[in-house]
>>> print(open('model14.csv').read())   # CSV, C-alpha atoms
chain,number,residue,atom,x,y,z
D,1,MET,CA,89.3,74.3,66.8
D,2,ALA,CA,86.0,75.2,68.3
D,3,SER,CA,83.0,73.8,66.6
D,4,ALA,CA,80.2,76.1,65.5
D,5,ALA,CA,76.9,75.8,67.4
D,6,PRO,CA,74.0,74.6,65.3
D,7,VAL,CA,71.7,77.2,64.0
D,8,THR,CA,68.1,76.8,65.0
D,9,ALA,CA,65.1,78.7,63.7
D,10,GLN,CA,63.3,81.0,66.1
D,11,SER,CA,59.6,80.4,66.4
D,12,MET,CA,57.0,83.0,67.2
D,13,THR,CA,53.5,82.8,68.5
D,14,LEU,CA,50.8,85.1,67.1
D,15,ARG,CA,47.4,85.7,68.6
D,16,VAL,CA,44.7,86.7,66.1
D,17,ALA,CA,41.4,87.8,67.4
D,18,THR,CA,38.1,89.2,66.3
D,19,TYR,CA,35.8,91.3,68.5
D,20,ASN,CA,32.4,92.9,67.8
D,21,ALA,CA,32.7,95.6,70.5
D,22,GLU,CA,29.4,97.3,69.6
D,23,LEU,CA,31.0,100.7,70.1
D,24,ASP,CA,28.7,102.4,67.6
D,25,ARG,CA,27.0,105.6,68.6
D,26,LYS,CA,23.8,107.3,67.4
D,27,GLY,CA,25.6,110.2,65.7
D,28,PRO,CA,28.9,111.2,64.1
D,29,GLY,CA,31.7,112.2,66.5
D,30,LEU,CA,30.0,110.8,69.6
D,31,LEU,CA,32.4,107.8,69.8
D,32,LEU,CA,35.4,110.1,69.7
D,33,ARG,CA,33.8,112.3,72.4
D,34,ASP,CA,33.2,109.3,74.6
D,35,ILE,CA,36.7,107.9,74.1
D,36,LEU,CA,38.4,111.2,74.9
D,37,ALA,CA,36.2,111.7,78.0
D,38,GLY,CA,37.6,108.6,79.5
D,39,THR,CA,34.5,108.1,81.6
D,40,ASP,CA,32.4,105.8,79.4
D,41,ASP,CA,31.9,102.4,81.2
D,42,GLN,CA,31.4,100.5,78.0
D,43,ILE,CA,34.6,101.8,76.3
D,44,THR,CA,36.6,101.2,79.5
D,45,ALA,CA,35.3,97.6,79.6
D,46,ALA,CA,36.1,97.0,75.9
D,47,LEU,CA,39.6,98.3,76.4
D,48,THR,CA,40.0,96.0,79.4
D,49,VAL,CA,38.8,93.0,77.5
D,50,ILE,CA,41.3,93.6,74.7
D,51,ALA,CA,44.2,94.4,77.0
D,52,THR,CA,43.5,91.2,79.0
D,53,ALA,CA,43.2,89.0,75.9
D,54,LYS,CA,46.4,90.6,74.5
D,55,PRO,CA,45.9,89.9,70.7
D,56,ASP,CA,48.7,90.7,68.4
D,57,ILE,CA,46.2,91.3,65.5
D,58,LEU,CA,42.6,92.3,66.2
D,59,THR,CA,39.7,92.8,63.8
D,60,LEU,CA,37.3,95.2,65.5
D,61,GLN,CA,33.6,95.4,64.5
D,62,GLY,CA,30.9,97.8,65.6
D,63,PHE,CA,33.4,100.8,65.6
D,64,ASP,CA,32.2,104.1,64.1
D,65,ASN,CA,34.4,105.3,61.2
D,66,ASP,CA,35.3,108.9,60.7
D,67,VAL,CA,37.1,110.1,57.6
D,68,GLU,CA,40.3,111.1,59.3
D,69,GLY,CA,40.4,108.3,61.8
D,70,HIS,CA,40.3,110.4,64.9
D,71,ALA,CA,38.3,107.9,67.0
D,72,LEU,CA,40.5,105.0,66.0
D,73,ARG,CA,43.7,106.9,67.0
D,74,ALA,CA,42.1,107.9,70.3
D,75,PHE,CA,41.2,104.2,70.9
D,76,GLN,CA,44.8,103.1,70.1
D,77,SER,CA,46.1,105.7,72.6
D,78,ALA,CA,43.7,104.5,75.3
D,79,LEU,CA,44.7,100.9,74.6
D,80,ALA,CA,48.4,101.8,75.0
D,81,GLU,CA,47.6,103.3,78.4
D,82,LYS,CA,46.3,99.9,79.3
D,83,ASP,CA,49.8,98.5,78.5
D,84,HIS,CA,48.8,96.8,75.3
D,85,ALA,CA,50.0,99.1,72.5
D,86,MET,CA,48.8,98.2,69.0
D,87,PRO,CA,50.5,101.0,67.0
D,88,TYR,CA,49.4,99.9,63.5
D,89,ALA,CA,45.9,100.2,62.2
D,90,PHE,CA,43.7,100.1,59.1
D,91,ALA,CA,40.2,101.4,58.5
D,92,ALA,CA,38.3,102.5,55.4
D,93,MET,CA,34.9,104.0,54.9
D,94,PRO,CA,32.4,101.1,55.2
D,95,ASN,CA,29.1,100.7,53.3
D,96,ALA,CA,27.2,101.2,56.6
D,97,GLY,CA,25.2,104.4,56.4
D,98,LEU,CA,26.4,105.2,52.9
D,99,VAL,CA,23.6,107.1,51.3
D,100,THR,CA,22.0,105.7,48.0
D,101,GLY,CA,19.1,108.1,47.5
D,102,LEU,CA,16.9,105.1,46.7
D,103,ASP,CA,14.4,103.0,48.5
D,104,MET,CA,16.6,99.9,49.2
D,105,ASP,CA,14.3,98.0,51.5
D,106,GLY,CA,11.0,98.4,49.6
D,107,ASP,CA,9.0,100.2,52.2
D,108,GLY,CA,8.2,103.1,49.9
D,109,ARG,CA,10.4,105.6,51.7
D,110,THR,CA,13.9,106.9,51.2
D,111,GLY,CA,16.6,108.4,53.4
D,112,GLU,CA,16.1,105.9,56.2
D,113,PRO,CA,18.9,103.7,57.8
D,114,ARG,CA,17.9,100.7,55.7
D,115,ASP,CA,18.1,102.7,52.5
D,116,ALA,CA,21.9,103.1,52.8
D,117,GLN,CA,24.2,100.6,51.2
D,118,GLY,CA,24.4,99.0,54.6
D,119,TYR,CA,22.3,99.7,57.7
D,120,GLY,CA,23.3,103.0,59.4
D,121,ARG,CA,22.0,106.2,60.7
D,122,PHE,CA,25.0,108.0,59.3
D,123,THR,CA,27.9,107.2,57.0
D,124,GLY,CA,30.4,105.1,58.9
D,125,GLN,CA,28.2,104.0,61.8
D,126,GLY,CA,29.2,100.6,63.1
D,127,GLY,CA,32.2,100.3,60.8
D,128,MET,CA,35.3,98.1,61.3
D,129,ALA,CA,39.0,98.5,62.0
D,130,VAL,CA,42.1,96.4,62.2
D,131,LEU,CA,44.7,96.9,64.9
D,132,SER,CA,48.1,95.2,65.0
D,133,ARG,CA,51.4,95.0,66.8
D,134,TYR,CA,53.0,94.5,63.5
D,135,PRO,CA,53.2,96.7,60.3
D,136,LEU,CA,50.4,96.4,57.8
D,137,GLY,CA,50.8,96.2,54.0
D,138,GLU,CA,48.5,97.7,51.4
D,139,ALA,CA,45.0,96.5,52.0
D,140,ARG,CA,42.4,95.5,49.5
D,141,ASP,CA,39.0,97.1,50.2
D,142,PHE,CA,36.2,95.2,48.6
D,143,ALA,CA,33.4,97.4,49.9
D,144,PRO,CA,32.5,98.8,46.5
D,145,PHE,CA,32.0,95.3,45.0
D,146,LEU,CA,28.5,94.9,43.7
D,147,TRP,CA,26.3,92.1,44.8
D,148,LYS,CA,25.2,91.3,41.3
D,149,ASP,CA,28.8,90.6,40.3
D,150,LEU,CA,29.3,87.7,42.8
D,151,PRO,CA,29.4,84.4,40.9
D,152,GLY,CA,26.5,82.2,42.1
D,153,ALA,CA,24.8,85.1,43.9
D,154,ILE,CA,21.2,84.5,45.1
D,155,PRO,CA,19.6,88.0,44.8
D,156,PRO,CA,16.4,88.9,46.5
D,157,SER,CA,13.2,88.8,44.5
D,158,ARG,CA,9.4,88.8,45.0
D,159,ASP,CA,7.2,87.0,42.4
D,160,GLY,CA,10.2,86.7,40.1
D,161,ILE,CA,10.9,90.5,40.2
D,162,PRO,CA,14.2,91.8,41.6
D,163,PHE,CA,13.6,93.3,45.1
D,164,PRO,CA,12.9,96.1,45.7
D,165,THR,CA,13.5,97.1,42.1
D,166,ALA,CA,15.9,96.2,39.3
D,167,GLY,CA,17.5,99.7,39.6
D,168,ALA,CA,18.1,99.4,43.3
D,169,PHE,CA,19.7,96.0,43.0
D,170,ALA,CA,21.9,97.2,40.2
D,171,ILE,CA,23.7,99.6,42.5
D,172,GLN,CA,23.5,97.4,45.7
D,173,ARG,CA,26.9,96.6,47.1
D,174,LEU,CA,27.5,93.1,48.5
D,175,SER,CA,29.1,94.2,51.8
D,176,SER,CA,26.7,95.5,54.4
D,177,VAL,CA,29.8,96.8,56.2
D,178,ALA,CA,33.0,95.8,54.4
D,179,HIS,CA,35.2,93.0,53.2
D,180,TRP,CA,39.0,93.6,53.5
D,181,ASP,CA,42.2,91.8,52.8
D,182,VAL,CA,44.8,93.3,55.1
D,183,PRO,CA,48.4,92.0,54.8
D,184,VAL,CA,50.2,91.8,58.1
D,185,GLN,CA,54.0,91.9,57.9
D,186,LEU,CA,55.4,89.4,60.4
D,187,PRO,CA,59.0,89.6,61.7
D,188,ASN,CA,59.9,86.3,59.9
D,189,GLY,CA,59.1,88.0,56.5
D,190,THR,CA,55.7,86.4,56.1
D,191,ASN,CA,52.8,88.4,54.8
D,192,LEU,CA,49.7,87.0,56.6
D,193,HIS,CA,46.5,87.9,54.7
D,194,LEU,CA,43.9,88.9,57.2
D,195,LEU,CA,40.5,88.5,55.6
D,196,THR,CA,37.9,90.3,57.6
D,197,PHE,CA,34.2,91.3,57.3
D,198,HIS,CA,31.0,91.9,59.2
D,199,ALA,CA,28.0,90.3,57.5
D,200,THR,CA,24.4,91.6,57.9
D,201,THR,CA,22.1,89.8,60.2
D,202,PRO,CA,20.0,87.3,58.3
D,203,VAL,CA,16.7,88.5,59.8
D,204,PHE,CA,14.6,91.7,60.0
D,205,ASP,CA,13.3,91.4,56.4
D,206,GLY,CA,10.2,90.0,54.6
D,207,ASP,CA,9.4,87.0,52.4
D,208,GLU,CA,11.9,88.2,49.9
D,209,ASP,CA,14.6,87.2,52.4
D,210,ARG,CA,16.8,90.1,51.4
D,211,ASN,CA,19.0,90.0,54.6
D,212,GLY,CA,19.1,86.2,54.6
D,213,ARG,CA,20.3,86.1,51.0
D,214,ARG,CA,22.8,88.9,51.5
D,215,ASN,CA,24.2,87.3,54.6
D,216,HIS,CA,24.7,84.0,52.7
D,217,ASP,CA,26.5,85.8,49.8
D,218,GLU,CA,28.7,87.9,52.1
D,219,ILE,CA,30.0,84.7,53.6
D,220,ALA,CA,30.3,83.0,50.2
D,221,PHE,CA,32.4,85.9,49.0
D,222,TRP,CA,35.5,84.5,50.7
D,223,GLN,CA,35.4,81.1,49.0
D,224,ARG,CA,35.0,82.9,45.6
D,225,TYR,CA,38.0,85.1,46.5
D,226,LEU,CA,40.1,82.1,47.4
D,227,ASP,CA,39.0,80.4,44.2
D,228,GLY,CA,40.3,83.3,42.1
D,229,ALA,CA,36.8,83.7,40.7
D,230,LEU,CA,36.5,87.4,41.3
D,231,PRO,CA,37.8,90.4,39.2
D,232,PHE,CA,40.9,90.6,41.4
D,233,PRO,CA,43.6,87.9,42.1
D,234,ALA,CA,43.4,85.5,45.0
D,235,PRO,CA,45.8,86.3,48.0
D,236,ASP,CA,49.4,85.2,47.4
D,237,GLY,CA,50.2,84.0,50.9
D,238,PRO,CA,48.8,82.4,54.0
D,239,VAL,CA,45.3,83.6,55.0
D,240,ILE,CA,43.2,83.8,58.1
D,241,ILE,CA,39.5,84.7,58.1
D,242,ALA,CA,38.6,86.7,61.2
D,243,GLY,CA,35.2,88.4,61.5
D,244,VAL,CA,31.5,88.3,62.1
D,245,ALA,CA,29.5,86.0,59.9
D,246,ASN,CA,26.3,86.7,62.0
D,247,LEU,CA,25.3,83.1,61.3
D,248,ASP,CA,25.4,79.9,63.4
D,249,PRO,CA,26.0,76.7,61.6
D,250,VAL,CA,23.4,74.8,63.6
D,251,ASP,CA,21.1,77.2,65.5
D,252,GLY,CA,19.1,80.3,64.8
D,253,GLU,CA,17.7,81.7,61.5
D,254,GLY,CA,19.5,82.1,58.2
D,255,ARG,CA,20.8,80.1,55.3
D,256,ARG,CA,23.2,78.0,57.2
D,257,ALA,CA,24.7,76.3,54.1
D,258,ALA,CA,27.0,79.3,53.6
D,259,ILE,CA,28.8,79.0,56.9
D,260,GLN,CA,28.8,75.2,56.8
D,261,ARG,CA,30.6,75.3,53.5
D,262,LEU,CA,33.1,77.8,54.8
D,263,LEU,CA,33.8,75.7,57.9
D,264,ASN,CA,34.3,72.6,55.8
D,265,ASP,CA,36.5,74.2,53.1
D,266,PRO,CA,39.7,72.1,53.0
D,267,ARG,CA,41.8,75.2,52.5
D,268,LEU,CA,40.8,76.4,56.0
D,269,GLN,CA,40.6,74.9,59.5
D,270,ASP,CA,38.2,75.5,62.3
D,271,PRO,CA,40.0,75.4,65.6
D,272,GLU,CA,36.6,75.5,67.3
D,273,PRO,CA,37.5,78.1,70.0
D,274,ARG,CA,35.7,77.4,73.3
D,275,ARG,CA,34.6,79.5,76.2
D,276,THR,CA,37.3,80.1,78.8
D,277,GLY,CA,34.8,79.7,81.7
D,278,LYS,CA,32.5,77.0,82.7
D,279,ILE,CA,29.1,77.0,80.9
D,280,ALA,CA,26.1,77.9,83.0
D,281,VAL,CA,23.2,75.5,83.1
D,282,GLY,CA,20.9,78.0,81.4
D,283,ASP,CA,23.2,78.3,78.4
D,284,THR,CA,22.7,74.7,77.1
D,285,GLY,CA,19.3,74.8,75.5
D,286,GLN,CA,20.2,74.7,71.8
D,287,ALA,CA,21.3,72.1,69.3
D,288,GLY,CA,24.8,73.4,68.8
D,289,GLU,CA,27.7,73.0,71.2
D,290,PRO,CA,27.2,75.9,73.7
D,291,ALA,CA,30.9,76.1,74.5
D,292,LEU,CA,31.4,77.4,70.9
D,293,ASP,CA,28.9,80.3,71.2
D,294,THR,CA,30.3,83.8,70.8
D,295,VAL,CA,27.4,86.1,71.6
D,296,ASP,CA,25.0,86.4,74.6
D,297,TRP,CA,21.7,87.4,73.0
D,298,PRO,CA,18.5,87.3,75.1
D,299,GLU,CA,16.7,84.0,75.2
D,300,PRO,CA,14.5,82.4,73.9
D,301,SER,CA,15.1,84.2,70.6
D,302,PRO,CA,17.7,84.1,69.3
D,303,GLY,CA,19.7,83.1,72.4
D,304,ASP,CA,23.4,82.4,72.6
D,305,LEU,CA,24.9,81.6,69.1
D,306,ARG,CA,28.2,81.1,67.4
D,307,VAL,CA,28.5,84.1,65.0
D,308,SER,CA,32.2,85.3,65.2
D,309,TYR,CA,34.9,83.2,63.6
D,310,VAL,CA,38.7,82.9,63.3
D,311,LEU,CA,39.5,80.4,60.5
D,312,PRO,CA,43.2,80.0,59.7
D,313,ALA,CA,44.5,78.4,56.5
D,314,SER,CA,44.7,74.6,56.9
D,315,ASP,CA,48.5,74.7,56.6
D,316,LEU,CA,49.0,77.1,59.5
D,317,ASP,CA,50.1,75.7,62.9
D,318,VAL,CA,47.3,76.3,65.4
D,319,ILE,CA,48.4,75.8,69.0
D,320,SER,CA,45.4,77.1,71.0
D,321,ALA,CA,42.1,78.9,70.6
D,322,GLY,CA,39.4,80.3,72.9
D,323,VAL,CA,36.3,82.5,73.4
D,324,PHE,CA,36.9,85.2,76.1
D,325,TRP,CA,33.8,84.3,78.2
D,326,PRO,CA,34.5,84.1,81.9
D,327,ALA,CA,32.3,81.8,84.1
D,328,ASP,CA,29.6,83.0,86.4
D,329,GLY,CA,31.1,84.3,89.5
D,330,ASP,CA,34.3,85.5,87.8
D,331,PRO,CA,34.7,89.2,88.5
D,332,MET,CA,35.8,89.7,84.8
D,333,LEU,CA,32.4,88.6,83.6
D,334,ASP,CA,30.8,91.9,84.6
D,335,THR,CA,33.4,93.7,82.6
D,336,VAL,CA,32.8,91.4,79.6
D,337,ASN,CA,29.0,92.0,79.8
D,338,THR,CA,29.5,95.7,80.1
D,339,ALA,CA,31.6,95.9,77.0
D,340,SER,CA,29.4,94.0,74.5
D,341,ARG,CA,27.0,91.2,74.0
D,342,HIS,CA,29.6,89.7,71.8
D,343,ARG,CA,32.8,87.9,73.0
D,344,LEU,CA,36.3,88.3,71.8
D,345,VAL,CA,37.4,85.1,69.9
D,346,TRP,CA,41.1,84.3,69.5
D,347,VAL,CA,43.4,81.8,67.9
D,348,ASP,CA,47.1,81.3,68.6
D,349,LEU,CA,49.4,80.4,65.6
D,350,ARG,CA,53.0,79.3,65.7
D,351,PHE,CA,55.3,80.5,62.9
>>> encode(input="model14.csv", output="structure tokens")
Amino acid sequence: MASAAPVTAQSMTLRVATYNAELDRKGPGLLLRDILAGTDDQITAALTVIATAKPDILTLQGFDNDVEGHALRAFQSALAEKDHAMPYAFAAMPNAGLVTGLDMDGDGRTGEPRDAQGYGRFTGQGGMAVLSRYPLGEARDFAPFLWKDLPGAIPPSRDGIPFPTAGAFAIQRLSSVAHWDVPVQLPNGTNLHLLTFHATTPVFDGDEDRNGRRNHDEIAFWQRYLDGALPFPAPDGPVIIAGVANLDPVDGEGRRAAIQRLLNDPRLQDPEPRRTGKIAVGDTGQAGEPALDTVDWPEPSPGDLRVSYVLPASDLDVISAGVFWPADGDPMLDTVNTASRHRLVWVDLRF
């Protein structure tokens, strides 16, 4: 009698990436126009970066949102033409450019980009999207969540008075763009909770430190969410945070305690993705490890920093990680520079 062969579990490798492609435009509909034209060098370069990195799941920042998702579908089609189809997508209207009718930055004027719920010349400018090779479940959109409702929030004030006014802060949403929990349905039956966001820059404000405090609390949101301390339940499966914190744990301005706490949270792990190319001599002038930097901002201020992160749950199996940043002399570096000042960051997981 023939003996049965042993049954072994099939493993799969999953690449999760985050990329601030800086594809925002100065008016509604312009991004769609540029994608459909097929002649925009920046868009072509961004598509090439993504198709070369080949993520299975991608959080995309700096991507203008339109109500019916025309630009996102056009971008998916263009990516498929690059032989890297990502047929599943999620996007929701962000806080960026969402009109409030109030003076939100305290300059005595209304109707300006900084008077929106999040900076934006029009509603949806510089929004976010999630692209995936695998089906997506029902997402949680935390964009409407109010800043004042975050436990432990550090609201802006001047001389002990809420900034710019108590009324303005009462309607101020926490997310400058958005916070989302997007479940990804993997072939092995796992629902991986993709936690993504794009925090405000911690500069460009006054002594009230409105942006610095908001950046801190946007990062702190995820720990409160994992704690179950918010008005909605914590995620019920494995998580991975992938997005733009806009804060370096060592260099640059900002309240660094927020990102340091997140990186040291025992429920998460930091794979410390590093540049794929050799570091140029001129890129080593700051206190932090330059190989970990994810953005090429002009020096001396702020210079290269680590601002984009992919942080899997501590019990997930990480097998590799990297920052898509070719070395000087590599022909791909011109493409990467044309696409964005930011670099695509990826982590490979084994399930």
>>> residues_near_point(input="model14.csv", point="(23.3, 108.1, 67.5)", cutoff="10 Å", atoms="only C-alpha atoms", output="mmCIF file with C-alpha atoms, keeping the file's coordinate frame")
data_model
loop_
_atom_site.group_PDB
_atom_site.id
_atom_site.type_symbol
_atom_site.label_atom_id
_atom_site.label_comp_id
_atom_site.auth_asym_id
_atom_site.auth_seq_id
_atom_site.Cartn_x
_atom_site.Cartn_y
_atom_site.Cartn_z
ATOM 1 C CA ASP D 24 28.700 102.400 67.600
ATOM 2 C CA ARG D 25 27.000 105.600 68.600
ATOM 3 C CA LYS D 26 23.800 107.300 67.400
ATOM 4 C CA GLY D 27 25.600 110.200 65.700
ATOM 5 C CA PRO D 28 28.900 111.200 64.100
ATOM 6 C CA GLY D 29 31.700 112.200 66.500
ATOM 7 C CA LEU D 30 30.000 110.800 69.600
ATOM 8 C CA LEU D 31 32.400 107.800 69.800
ATOM 9 C CA GLY D 120 23.300 103.000 59.400
ATOM 10 C CA ARG D 121 22.000 106.200 60.700
ATOM 11 C CA PHE D 122 25.000 108.000 59.300
ATOM 12 C CA GLN D 125 28.200 104.000 61.800
#
>>> residues_around(input="model14.csv", residues="D:Thr200", least_positions_apart="5", cutoff="7 Å", atoms="only C-alpha atoms", output="PyMOL selection string")
chain D and resi 176+211+215+246
>>> residues_around(input="model14.csv", residues="stretch 94-102 of chain D", least_positions_apart="4", cutoff="9 Å", atoms="all atoms listed in the file", output="ChimeraX atom specification")
/D:65,109-111,113-128,143-144,167-168,171-173,175-179
>>> write_last_selection(input="model14.csv", atoms="C-alpha atoms", output="short mmCIF file (atom, residue, chain, number, x, y, z; two decimals), in the coordinates of the input")
data_model
loop_
_atom_site.label_atom_id
_atom_site.label_comp_id
_atom_site.auth_asym_id
_atom_site.auth_seq_id
_atom_site.Cartn_x
_atom_site.Cartn_y
_atom_site.Cartn_z
CA ASN D 65 34.40 105.30 61.20
CA ARG D 109 10.40 105.60 51.70
CA THR D 110 13.90 106.90 51.20
CA GLY D 111 16.60 108.40 53.40
CA PRO D 113 18.90 103.70 57.80
CA ARG D 114 17.90 100.70 55.70
CA ASP D 115 18.10 102.70 52.50
CA ALA D 116 21.90 103.10 52.80
CA GLN D 117 24.20 100.60 51.20
CA GLY D 118 24.40 99.00 54.60
CA TYR D 119 22.30 99.70 57.70
CA GLY D 120 23.30 103.00 59.40
CA ARG D 121 22.00 106.20 60.70
CA PHE D 122 25.00 108.00 59.30
CA THR D 123 27.90 107.20 57.00
CA GLY D 124 30.40 105.10 58.90
CA GLN D 125 28.20 104.00 61.80
CA GLY D 126 29.20 100.60 63.10
CA GLY D 127 32.20 100.30 60.80
CA MET D 128 35.30 98.10 61.30
CA ALA D 143 33.40 97.40 49.90
CA PRO D 144 32.50 98.80 46.50
CA GLY D 167 17.50 99.70 39.60
CA ALA D 168 18.10 99.40 43.30
CA ILE D 171 23.70 99.60 42.50
CA GLN D 172 23.50 97.40 45.70
CA ARG D 173 26.90 96.60 47.10
CA SER D 175 29.10 94.20 51.80
CA SER D 176 26.70 95.50 54.40
CA VAL D 177 29.80 96.80 56.20
CA ALA D 178 33.00 95.80 54.40
CA HIS D 179 35.20 93.00 53.20
#
>>> atom_distance(input="model14.csv", atom1="atom CA of D:Phe324", atom2="atom CA of D:Val345")
6.2 Å
>>> closest_residue(input="model14.csv", among="D:Val182, D:Val295, D:Met104, D:Leu150", to="D:Gly228", atoms="only C-alpha atoms")
D:Leu150
>>> atom_distance(input="model14.csv", atom1="atom CA of D:His198", atom2="atom CA of D:Gln61")
6.9 Å
>>> atom_distance(input="model14.csv", atom1="atom CA of D:Phe145", atom2="atom CA of D:Leu174")
6.1 Å
>>> residues_near_point(input="model14.csv", point="(63.3, 84.1, 63.0)", cutoff="8 Å", atoms="all atoms listed in the file", output="MDAnalysis selection string")
chainID D and resid 9:12 187:188
>>> closest_residue(input="model14.csv", among="D:Gly212, D:Pro298, D:Pro231, D:Gly189", to="D:Asp149", atoms="all atoms listed in the file")
D:Pro231
>>> closest_residue(input="model14.csv", among="D:Arg306, D:Arg133, D:Arg343, D:Arg275", to="D:Gly322", atoms="all atoms listed in the file")
D:Arg275
>>> residues_around(input="model14.csv", residues="D:Ile259", least_positions_apart="3", cutoff="9 Å", atoms="only C-alpha atoms", output="ChimeraX atom specification")
/D:216,219-220,245,247-249,255-256,262-264
>>> closest_residue(input="model14.csv", among="D:Gly152, D:Glu253, D:Thr165, D:Ile319", to="D:Phe204", atoms="all atoms listed in the file")
D:Glu253
>>> residues_around(input="model14.csv", residues="D:Pro183", least_positions_apart="5", cutoff="8 Å", atoms="all atoms listed in the file", output="VMD selection string")
chain D and resid 136 to 139 191 to 194
>>> residues_around(input="model14.csv", residues="D:Leu79", least_positions_apart="6", cutoff="12 Å", atoms="all atoms listed in the file", output="list in words")
Ile35, Gly38, Ile43, Thr44, Ala45, Ala46, Leu47, Thr48, Val49, Ile50, Ala51, Thr52, Lys54, Pro55, Leu72, Arg73, Ala85, Met86, Pro87, Leu131, Ser132 and Arg133 of chain D
>>> closest_residue(input="model14.csv", among="D:Asp103, D:Asp304, D:Asp296, D:Asp348", to="D:Leu333", atoms="all atoms listed in the file")
D:Asp296
